[in-house]
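Here is the file upload14.cif (mmCIF, C-alpha atoms).
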data_work
loop_
_atom_site.label_atom_id
_atom_site.label_comp_id
_atom_site.auth_asym_id
_atom_site.auth_seq_id
_atom_site.Cartn_x
_atom_site.Cartn_y
_atom_site.Cartn_z
CA MET A 1 -53.49 33.10 -57.58
CA TYR A 2 -52.53 32.86 -53.91
CA ILE A 3 -54.47 34.83 -51.30
CA VAL A 4 -52.55 35.72 -48.13
CA THR A 5 -54.78 37.22 -45.45
CA GLY A 6 -52.94 39.18 -42.82
CA GLY A 7 -50.47 39.57 -45.65
CA ALA A 8 -49.04 42.79 -44.25
CA GLY A 9 -48.66 41.30 -40.77
CA PHE A 10 -45.79 39.35 -39.28
CA ILE A 11 -46.13 35.76 -40.50
CA GLY A 12 -48.33 36.72 -43.46
CA SER A 13 -45.79 39.13 -44.97
CA ALA A 14 -43.02 36.62 -44.29
CA PHE A 15 -44.97 34.09 -46.35
CA VAL A 16 -45.37 36.64 -49.16
CA TRP A 17 -41.56 36.92 -49.00
CA LYS A 18 -41.29 33.13 -49.27
CA LEU A 19 -43.60 33.07 -52.30
CA ASN A 20 -41.52 35.79 -53.96
CA GLU A 21 -38.35 33.82 -53.18
CA MET A 22 -39.91 30.86 -55.01
CA GLY A 23 -40.66 33.05 -58.04
CA ILE A 24 -44.36 33.54 -57.30
CA HIS A 25 -45.89 37.00 -57.70
CA ASP A 26 -49.54 36.16 -58.45
CA ILE A 27 -50.51 37.10 -54.91
CA VAL A 28 -53.37 39.08 -53.43
CA VAL A 29 -52.61 40.57 -50.03
CA VAL A 30 -55.63 40.91 -47.72
CA ASP A 31 -55.31 43.03 -44.59
CA ASP A 32 -56.40 46.11 -42.67
CA LEU A 33 -53.45 48.51 -42.67
CA GLY A 34 -55.00 51.07 -40.33
CA THR A 35 -52.74 53.92 -39.25
CA GLY A 36 -49.75 51.82 -38.13
CA ASP A 37 -46.57 50.72 -39.85
CA LYS A 38 -47.65 47.32 -41.17
CA TRP A 39 -47.46 48.70 -44.70
CA ARG A 40 -43.66 48.75 -44.39
CA ASN A 41 -43.69 44.94 -44.48
CA LEU A 42 -44.93 45.15 -48.08
CA VAL A 43 -42.46 47.66 -49.49
CA ASN A 44 -39.90 45.02 -50.56
CA ARG A 45 -42.53 42.59 -51.81
CA THR A 46 -44.12 41.97 -55.21
CA TYR A 47 -47.82 41.12 -55.45
CA MET A 48 -50.76 41.66 -57.80
CA ASP A 49 -53.23 43.51 -55.59
CA PHE A 50 -54.21 44.58 -52.07
CA VAL A 51 -57.77 44.09 -50.77
CA HIS A 52 -59.13 45.31 -47.44
CA LYS A 53 -60.24 42.42 -45.23
CA ASP A 54 -63.88 43.57 -45.10
CA MET A 55 -64.08 43.87 -48.89
CA PHE A 56 -62.51 40.43 -49.26
CA LEU A 57 -65.10 38.91 -46.93
CA GLU A 58 -67.87 40.42 -49.07
CA MET A 59 -66.25 38.96 -52.18
CA ILE A 60 -66.17 35.52 -50.54
CA LEU A 61 -69.74 35.71 -49.27
CA HIS A 62 -71.06 36.72 -52.72
CA GLU A 63 -68.60 34.49 -54.60
CA ASP A 64 -67.57 37.55 -56.53
CA LEU A 65 -63.80 37.20 -56.78
CA PRO A 66 -62.28 38.71 -59.94
CA PHE A 67 -59.61 35.99 -60.05
CA ASP A 68 -59.29 32.23 -59.77
CA VAL A 69 -57.95 31.09 -56.40
CA ASP A 70 -55.46 28.26 -55.91
CA ALA A 71 -54.97 28.68 -52.16
CA ILE A 72 -55.91 30.88 -49.24
CA ILE A 73 -53.22 31.19 -46.59
CA HIS A 74 -55.16 32.66 -43.70
CA MET A 75 -52.81 34.43 -41.29
CA GLY A 76 -55.20 37.33 -40.66
CA ALA A 77 -56.56 37.71 -37.12
CA CYS A 78 -56.45 39.88 -34.07
CA SER A 79 -53.50 38.27 -32.28
CA SER A 80 -53.53 40.31 -29.09
CA THR A 81 -53.75 38.04 -26.06
CA THR A 82 -55.06 41.00 -24.04
CA GLU A 83 -57.96 41.91 -26.35
CA ARG A 84 -61.10 42.10 -24.21
CA ASP A 85 -63.78 42.55 -26.89
CA ALA A 86 -65.02 38.99 -27.09
CA ASN A 87 -67.68 39.76 -29.73
CA TYR A 88 -65.01 41.25 -31.99
CA LEU A 89 -62.78 38.19 -31.61
CA MET A 90 -65.70 35.87 -32.32
CA GLU A 91 -66.44 37.65 -35.60
CA ASN A 92 -62.92 38.57 -36.69
CA ASN A 93 -61.09 35.40 -35.70
CA TYR A 94 -63.62 32.57 -35.52
CA ARG A 95 -66.48 33.37 -37.90
CA TYR A 96 -64.28 35.02 -40.55
CA THR A 97 -62.05 31.93 -40.59
CA MET A 98 -65.01 29.58 -40.81
CA THR A 99 -66.42 31.55 -43.76
CA LEU A 100 -63.13 31.28 -45.66
CA ALA A 101 -62.91 27.57 -44.85
CA HIS A 102 -66.43 26.96 -46.21
CA PHE A 103 -65.48 28.71 -49.45
CA CYS A 104 -62.29 26.69 -49.85
CA LEU A 105 -64.01 23.38 -49.12
CA GLU A 106 -66.78 24.12 -51.63
CA HIS A 107 -64.37 25.19 -54.37
CA ASP A 108 -61.50 22.73 -53.80
CA VAL A 109 -59.11 25.51 -52.77
CA ARG A 110 -56.14 24.77 -50.50
CA PHE A 111 -56.70 26.34 -47.05
CA ILE A 112 -53.90 26.87 -44.53
CA ASN A 113 -54.99 28.55 -41.29
CA ALA A 114 -53.16 30.09 -38.34
CA SER A 115 -54.22 28.57 -35.05
CA SER A 116 -52.12 29.19 -31.93
CA ALA A 117 -50.32 27.51 -29.06
CA ALA A 118 -52.50 29.78 -26.89
CA THR A 119 -55.17 27.08 -27.36
CA TYR A 120 -53.21 24.92 -24.88
CA GLY A 121 -54.01 27.22 -21.97
CA ASP A 122 -51.78 26.72 -18.94
CA GLY A 123 -50.17 23.63 -20.45
CA ALA A 124 -51.52 21.30 -17.77
CA LEU A 125 -52.70 18.90 -20.49
CA GLY A 126 -49.42 19.08 -22.36
CA PHE A 127 -48.72 20.32 -25.87
CA ASP A 128 -49.68 17.31 -27.98
CA ASP A 129 -51.58 18.07 -31.19
CA ASP A 130 -53.27 14.67 -31.27
CA PRO A 131 -56.86 15.47 -32.37
CA ALA A 132 -58.29 13.22 -29.67
CA GLY A 133 -57.04 15.55 -26.95
CA ILE A 134 -57.92 18.90 -28.53
CA PRO A 135 -61.56 19.10 -27.29
CA ALA A 136 -60.33 18.98 -23.67
CA LEU A 137 -58.10 22.05 -23.98
CA LYS A 138 -59.04 25.18 -22.01
CA PRO A 139 -57.46 28.42 -23.32
CA LEU A 140 -56.72 31.11 -20.75
CA ASN A 141 -57.60 34.13 -22.89
CA MET A 142 -60.23 35.06 -25.44
CA TYR A 143 -57.71 35.15 -28.29
CA GLY A 144 -56.76 31.52 -27.64
CA TYR A 145 -60.42 30.58 -27.30
CA SER A 146 -61.31 32.17 -30.66
CA LYS A 147 -58.61 30.05 -32.31
CA HIS A 148 -59.68 26.95 -30.39
CA LEU A 149 -63.27 27.30 -31.58
CA PHE A 150 -62.26 27.00 -35.21
CA ASP A 151 -60.19 23.88 -34.50
CA LEU A 152 -63.18 22.39 -32.69
CA TRP A 153 -65.45 23.24 -35.64
CA SER A 154 -63.07 21.57 -38.09
CA LEU A 155 -62.95 18.43 -35.94
CA ARG A 156 -66.72 18.34 -35.41
CA THR A 157 -67.57 18.74 -39.10
CA GLY A 158 -64.77 16.61 -40.56
CA ALA A 159 -63.32 19.65 -42.34
CA VAL A 160 -60.04 18.95 -40.53
CA ASP A 161 -59.32 16.25 -43.13
CA LYS A 162 -59.38 18.82 -45.95
CA LEU A 163 -57.46 21.78 -44.49
CA VAL A 164 -54.48 22.67 -42.33
CA SER A 165 -54.57 24.56 -39.04
CA LEU A 166 -51.18 25.42 -37.50
CA LYS A 167 -50.64 25.97 -33.78
CA PHE A 168 -47.79 28.49 -33.86
CA PHE A 169 -45.57 28.59 -30.77
CA ASN A 170 -43.17 31.49 -29.93
CA VAL A 171 -42.41 32.91 -33.36
CA PHE A 172 -39.76 35.62 -33.79
CA GLY A 173 -38.05 37.27 -36.73
CA PRO A 174 -38.17 40.08 -39.29
CA ASN A 175 -41.40 42.00 -40.00
CA GLU A 176 -42.71 41.94 -36.44
CA TYR A 177 -41.70 45.55 -35.76
CA HIS A 178 -45.27 46.92 -35.95
CA LYS A 179 -46.54 44.67 -33.15
CA GLY A 180 -45.80 46.95 -30.18
CA ASP A 181 -46.00 45.03 -26.89
CA MET A 182 -46.66 41.83 -28.86
CA LYS A 183 -43.17 41.89 -30.41
CA SER A 184 -40.90 38.97 -29.55
CA VAL A 185 -38.45 39.21 -26.67
CA VAL A 186 -35.60 39.00 -29.20
CA CYS A 187 -36.80 42.19 -30.85
CA LYS A 188 -37.36 43.93 -27.51
CA ALA A 189 -34.01 42.73 -26.16
CA PHE A 190 -32.11 44.20 -29.10
CA SER A 191 -33.47 47.65 -28.27
CA GLN A 192 -33.09 47.19 -24.51
CA ILE A 193 -29.48 46.03 -24.74
CA GLY A 194 -28.68 48.76 -27.24
CA ASP A 195 -30.08 51.41 -24.89
CA THR A 196 -28.85 50.12 -21.52
CA GLY A 197 -26.27 47.38 -22.13
CA ALA A 198 -28.41 45.01 -20.07
CA MET A 199 -31.43 42.75 -20.47
CA ARG A 200 -34.12 42.22 -17.87
CA LEU A 201 -35.84 38.87 -17.35
CA PHE A 202 -38.46 37.77 -14.86
CA ALA A 203 -37.16 36.08 -11.73
CA SER A 204 -38.60 32.66 -11.03
CA GLU A 205 -41.19 32.08 -8.33
CA ARG A 206 -40.73 28.31 -8.42
CA ASP A 207 -37.98 26.27 -6.81
CA ASP A 208 -37.77 23.92 -9.79
CA TYR A 209 -36.85 26.75 -12.18
CA PRO A 210 -33.90 29.11 -11.65
CA ASP A 211 -34.21 32.79 -12.54
CA GLY A 212 -34.40 33.03 -16.33
CA GLY A 213 -34.71 29.25 -16.51
CA GLN A 214 -38.34 29.31 -17.63
CA LYS A 215 -38.59 27.60 -21.02
CA ARG A 216 -40.32 28.34 -24.30
CA ASP A 217 -40.37 26.76 -27.74
CA PHE A 218 -38.88 29.59 -29.82
CA ILE A 219 -39.17 29.22 -33.61
CA TYR A 220 -37.78 31.45 -36.36
CA VAL A 221 -40.32 32.87 -38.78
CA LYS A 222 -38.25 31.69 -41.76
CA ASP A 223 -38.69 28.11 -40.55
CA CYS A 224 -42.42 28.67 -40.18
CA VAL A 225 -42.81 29.80 -43.77
CA ASP A 226 -40.69 26.89 -45.00
CA VAL A 227 -43.18 24.53 -43.33
CA MET A 228 -46.10 26.47 -44.81
CA TRP A 229 -44.53 26.28 -48.29
CA TRP A 230 -44.14 22.52 -47.91
CA LEU A 231 -47.77 22.18 -46.84
CA LEU A 232 -48.89 24.31 -49.78
CA ASN A 233 -47.16 21.89 -52.10
CA ASN A 234 -48.39 18.74 -50.34
CA PRO A 235 -52.19 19.08 -50.36
CA GLN A 236 -52.56 15.46 -49.28
CA VAL A 237 -51.35 16.50 -45.81
CA ASN A 238 -54.20 17.91 -43.73
CA GLY A 239 -55.08 18.32 -40.07
CA ILE A 240 -54.21 20.35 -36.99
CA TYR A 241 -50.46 20.54 -36.38
CA ASN A 242 -48.11 22.18 -33.92
CA LEU A 243 -45.52 24.51 -35.37
CA GLY A 244 -42.58 24.90 -33.02
CA THR A 245 -39.10 23.39 -32.99
CA GLY A 246 -39.96 20.65 -30.51
CA SER A 247 -37.05 21.79 -28.32
CA ALA A 248 -37.72 24.20 -25.45
CA ARG A 249 -34.97 26.68 -24.53
CA THR A 250 -34.61 28.98 -21.53
CA TRP A 251 -34.98 32.74 -21.48
CA ASN A 252 -31.33 32.80 -20.38
CA ASP A 253 -30.39 30.95 -23.58
CA LEU A 254 -32.32 33.51 -25.60
CA ALA A 255 -30.71 36.46 -23.81
CA ARG A 256 -27.21 35.04 -24.27
CA ALA A 257 -27.87 34.51 -27.97
CA VAL A 258 -28.86 38.18 -28.36
CA PHE A 259 -25.80 39.43 -26.44
CA SER A 260 -23.57 37.21 -28.56
CA ALA A 261 -25.16 38.35 -31.83
CA MET A 262 -24.72 41.99 -30.78
CA ASP A 263 -21.16 41.34 -29.55
CA VAL A 264 -22.02 42.95 -26.21
CA PRO A 265 -20.86 41.61 -22.79
CA GLU A 266 -23.59 39.61 -21.08
CA ASP A 267 -25.54 41.49 -18.40
CA ILE A 268 -28.80 39.78 -17.44
CA GLN A 269 -30.82 41.36 -14.65
CA TYR A 270 -33.74 39.61 -12.96
CA ILE A 271 -36.84 41.52 -11.91
CA ASP A 272 -39.86 40.49 -9.85
CA MET A 273 -42.80 38.98 -11.63
CA PRO A 274 -45.62 41.55 -12.00
CA GLU A 275 -48.66 40.97 -9.81
CA THR A 276 -50.83 40.55 -12.93
CA LEU A 277 -48.77 37.51 -14.01
CA ARG A 278 -48.25 35.77 -10.69
CA GLY A 279 -49.90 32.38 -10.68
CA LYS A 280 -50.69 32.70 -14.42
CA TYR A 281 -47.21 32.64 -15.94
CA GLN A 282 -46.28 29.68 -18.14
CA TYR A 283 -42.97 28.15 -17.09
CA PHE A 284 -42.70 25.65 -19.93
CA THR A 285 -43.95 25.25 -23.49
CA GLU A 286 -42.67 22.73 -26.01
CA ALA A 287 -44.42 21.65 -29.18
CA SER A 288 -44.82 17.96 -29.82
CA MET A 289 -43.69 17.70 -33.45
CA ASP A 290 -44.15 13.96 -33.99
CA ARG A 291 -47.30 14.28 -36.09
CA LEU A 292 -45.90 16.85 -38.51
CA ARG A 293 -42.71 14.83 -38.86
CA GLY A 294 -44.80 11.71 -39.33
CA ALA A 295 -46.65 13.46 -42.15
CA GLY A 296 -43.33 13.79 -43.96
CA CYS A 297 -42.38 17.41 -43.30
CA PRO A 298 -38.61 17.63 -44.01
CA VAL A 299 -37.89 21.13 -42.66
CA ASP A 300 -34.90 21.31 -40.31
CA PHE A 301 -35.37 24.04 -37.72
CA ALA A 302 -32.56 26.48 -37.04
CA ARG A 303 -30.76 26.41 -33.69
CA LEU A 304 -31.87 29.30 -31.52
CA GLU A 305 -28.38 30.83 -31.59
CA ASP A 306 -28.18 30.66 -35.40
CA ALA A 307 -31.67 32.12 -35.87
CA VAL A 308 -31.02 34.99 -33.46
CA ALA A 309 -27.68 35.73 -35.15
CA ASP A 310 -29.42 35.95 -38.54
CA TYR A 311 -32.22 38.13 -37.19
CA VAL A 312 -29.91 40.52 -35.37
CA GLY A 313 -27.09 40.67 -37.91
CA ASN A 314 -29.09 40.78 -41.14
CA TYR A 315 -32.19 42.67 -40.03
CA LEU A 316 -32.30 44.41 -36.62
CA ALA A 317 -28.82 45.90 -36.99
CA THR A 318 -29.28 47.09 -40.58
CA GLY A 319 -30.85 50.19 -42.06
CA ASP A 320 -33.53 48.15 -43.88
CA PRO A 321 -34.66 45.48 -41.42
CA TYR A 322 -37.52 44.07 -43.49
CA LEU A 323 -37.78 40.86 -45.47
#
Could you render the structure from this file as structure tokens?
Amino acid sequence: MYIVTGGAGFIGSAFVWKLNEMGIHDIVVVDDLGTGDKWRNLVNRTYMDFVHKDMFLEMILHEDLPFDVDAIIHMGACSSTTERDANYLMENNYRYTMTLAHFCLEHDVRFINASSAATYGDGALGFDDDPAGIPALKPLNMYGYSKHLFDLWSLRTGAVDKLVSLKFFNVFGPNEYHKGDMKSVVCKAFSQIGDTGAMRLFASERDDYPDGGQKRDFIYVKDCVDVMWWLLNNPQVNGIYNLGTGSARTWNDLARAVFSAMDVPEDIQYIDMPETLRGKYQYFTEASMDRLRGAGCPVDFARLEDAVADYVGNYLATGDPYL
């Protein structure tokens, strides 16, 4: 039995899709559906049961699970970078994760956890996932800090050698539609271009970056779940790893890929950076992927243009845009 927490969310539901694609249906989805549209991510999926995240935590704490567990893929968390309730993030992101990790370590259960590139803060110390440098990182928001705390705990206790924690970079793809303002720019651009024929990007405030020339490491969610599937099947590989492509691309590249996929003439408009972002905006992120490659991961990441074309053509532009 495979437990996928956050299994109705973006990456979690994509991994349920991957398990189904591999012929696996002995899955328990753990989540909090609330009143939003996350449930739509599950409509096309096959799984054994759904358990609310609070009930699942009680099951773990009392070791009262009605099924044997082979792996917990922990994608469940509050992922909002603007969440201000620090106590909530401490309990929901850090302590919940640590509780699941304890259970997996005690019962020899594979544990794959979602960390975040937000742990790197402003990027001044680079984006190298070498464990020696992780304690020096200083996240800029409470979400990143809650993820960083678990990575620090795993390093301090030695648990890092028996689990996987993945620092996801800029993930985009199907099943993110419920995320509101946290949706990827690809998803937002599709709607914006469809409505106006144009796409707006932030102008640059730095001489070393042209307008729209700011760079991010964009990675397709299908590539992410391929890496996670490989890790699930290679339990000898453990540690904290980046999960990006290792190749930063500009916002202009991303915009052009969306225009091309939509077969719409390119019209990129540059707008001033909002006051709230000035002096805090990241101009460059790029995952160092040497350690994951060195561990033997064979996944080839899609070119940005190919990934965007698949996302737009096979999902955003169709009547049923879900995996």
Neighbour list for range 138-140 of chain A as a ChimeraX atom specification, cut-off 8 Å, all atoms listed in the file, skip fewer than 4 positions in-chain:
/A:118-122,144-145,148
Residue members of the PyMOL selection byres ((chain A and resi 31) around 6) in the file shown, as a short mmCIF file (atom, residue, chain, number, x, y, z; two decimals) with C-alpha atoms, in the coordinates of the input:
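Result went into result.cif, see below:
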data_model
loop_
_atom_site.label_atom_id
_atom_site.label_comp_id
_atom_site.auth_asym_id
_atom_site.auth_seq_id
_atom_site.Cartn_x
_atom_site.Cartn_y
_atom_site.Cartn_z
CA THR A 5 -54.78 37.22 -45.45
CA GLY A 6 -52.94 39.18 -42.82
CA VAL A 30 -55.63 40.91 -47.72
CA ASP A 32 -56.40 46.11 -42.67
CA HIS A 52 -59.13 45.31 -47.44
CA LYS A 53 -60.24 42.42 -45.23
#
Residue members of the PyMOL selection byres ((chain A and resi 151) around 8) in the file shown, as a PyMOL selection string
chain A and resi 115+147-150+152-155+160+165+240
I'd like to know which of A:Ala114, A:Leu254, A:Ile268, A:Met142 is closest to Asn87 in chain A, using only C-alpha atoms.
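The shortest atom-to-atom distance to Asn87 in chain A comes from A:Met142.
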Go through A:Asp49, A:Tyr241, A:Thr250, A:Ile193 and flag the residue nearest Pro210 in chain A, using all atoms listed in the file for the distances.
A:Thr250
For the provided coordinates, the residues matched by the PyMOL selection byres ((chain A and resi 246) around 9) should be stated as a list in words.
Asp217, Asn242, Leu243, Gly244, Thr245, Ser247, Ala248, Glu286, Ala287, Ser288, Met289 and Asp290 of chain A
